[in-house]
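Below you'll find the structure, written out as structure tokens, and then a few comments.
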Amino acid sequence: MIEPILLAIIYSKIKGYKVTPLFKNWAIYPLLTFVIMYMILEVMIFNGNYTFIKYASTFHYFYLLTFLILIIKYKLNISAIIGSIFIFIGTILNKIAISANNGKMPVFPTLSYLTGYAKPDSFIRVNDIHILGSEVTKLKFLTDIIDVGYSVMSIGDICIRVFAFIIVFNTIKVINKTKILKDETRTNSI
């Protein structure tokens, strides 16, 4: 879950925006708290501790809700609508893959085997919606095939992450424009 935030920060820097003002306001910290908690969950999975994996979907839901703070505070209504369309598309794509595969989401780990994130017995031990993909998997291109070493994502998951990217990037953009306006007002009043 940290990838879209890091990509938004990098893209903001490329576009010439200052990123530090983002961290000078409380509104980003609930989101960052959930990102840190998600990273702790990932470390637990790396270490073979699947105790909290059953709460991952609920956790993901609350993670997405923390974006409401940024949306409301910085009036990112259009960005929220565009991002929500991506969430809707991603959710539909994931549901199609799950429906086509008897209510399970096939996963095709490659790099994750090398990093130790996925182990051959992981899918038996976790016993959730995810199963190890095989040659009988239907609509493989919609399943979890994008392996980054610490997570295996689907096209739908990528779409959902686009929402996070859009909100964080536009938050940085608004903060920078607001800061510029404040600086200009301060300069003109002197």
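Ordering of the structure tokens sets the chain letters (A, B, ...); residue numbers start at 1 within each chain; ligands are numbered from 1 in the order shown.
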For stretch 15-22 of chain A, please output as a ChimeraX atom specification all residues within 7 Å (counting only C-alpha atoms; exclusion window: fewer than 5 positions along the same chain). /A:9,28,172-173,175-176
Take the residues just selected and output them with N, CA, C and O atoms as a PDB file, in the first residue's frame.
ATOM      1  N   ILE A   9       4.602  10.909  -4.452  1.00  0.00           N
ATOM      2  CA  ILE A   9       5.630  11.834  -3.956  1.00  0.00           C
ATOM      3  C   ILE A   9       6.718  12.037  -5.013  1.00  0.00           C
ATOM      4  O   ILE A   9       7.123  13.170  -5.297  1.00  0.00           O
ATOM      5  N   ILE A  28      -2.292  14.105   6.905  1.00  0.00           N
ATOM      6  CA  ILE A  28      -1.632  12.967   6.262  1.00  0.00           C
ATOM      7  C   ILE A  28      -1.335  11.838   7.252  1.00  0.00           C
ATOM      8  O   ILE A  28      -1.197  10.681   6.876  1.00  0.00           O
ATOM      9  N   ILE A 172      -0.792  17.099  -2.562  1.00  0.00           N
ATOM     10  CA  ILE A 172       0.477  17.831  -2.659  1.00  0.00           C
ATOM     11  C   ILE A 172       0.319  19.043  -3.575  1.00  0.00           C
ATOM     12  O   ILE A 172       0.784  20.144  -3.262  1.00  0.00           O
ATOM     13  N   LYS A 173      -0.364  18.856  -4.674  1.00  0.00           N
ATOM     14  CA  LYS A 173      -0.591  19.934  -5.645  1.00  0.00           C
ATOM     15  C   LYS A 173      -1.375  21.093  -4.998  1.00  0.00           C
ATOM     16  O   LYS A 173      -0.987  22.253  -5.120  1.00  0.00           O
ATOM     17  N   ILE A 175      -1.744  21.739  -1.738  1.00  0.00           N
ATOM     18  CA  ILE A 175      -0.942  22.340  -0.673  1.00  0.00           C
ATOM     19  C   ILE A 175       0.072  23.320  -1.270  1.00  0.00           C
ATOM     20  O   ILE A 175       0.264  24.414  -0.752  1.00  0.00           O
ATOM     21  N   ASN A 176       0.697  22.934  -2.369  1.00  0.00           N
ATOM     22  CA  ASN A 176       1.676  23.812  -3.009  1.00  0.00           C
ATOM     23  C   ASN A 176       1.017  25.075  -3.551  1.00  0.00           C
ATOM     24  O   ASN A 176       1.561  26.168  -3.394  1.00  0.00           O
TER      25      ASN A 176
END
Would you please give, as a PyMOL selection string, all residues of stretch 13-190 of chain A that DSSP assigns to strand (DSSP E or B) based on the backbone? chain A and resi 105-107+130-132+144+146-147+152-153
When distances are computed from only C-alpha atoms, which of A:Val126, A:Val162, A:Leu139, A:Leu76 shows the smallest separation from A:Thr51?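 Checking each of A:Val126, A:Val162, A:Leu139, A:Leu76 against A:Thr51, counting only C-alpha atoms, the winner is A:Val126.
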From atom CA of A:Asn47 to atom CA of A:Ser122 the spacing works out at 11.2 Å
For A:Phe141, which residue out of A:Trp26, A:Phe62, A:Phe52, A:Phe108 is the nearest one, using only C-alpha atoms? A:Phe108
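For the pair atom CA of A:Met105 and atom CA of A:Ile129, the separation is 5.9 Å.
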For each of A:Lys179, A:Lys54, A:Arg161, A:Lys75, take the minimum atom-to-atom distance to A:Asp128, counting only C-alpha atoms, then give the residue where this is smallest.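 The answer is A:Lys54, which sits nearest to A:Asp128.
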With DSSP run on the backbone, what are the helix (DSSP H, G or I) residues within chain A? I'd like them as a ChimeraX atom specification. /A:3-14,20-24,26-46,53-65,67-73,77-100,111-115,122-126,140-142,155-189
Point out the residue among A:Ala97, A:Met37, A:Ile160, A:Ile155 with the least atom-to-atom distance to A:His130, counting only C-alpha atoms. A:Ala97
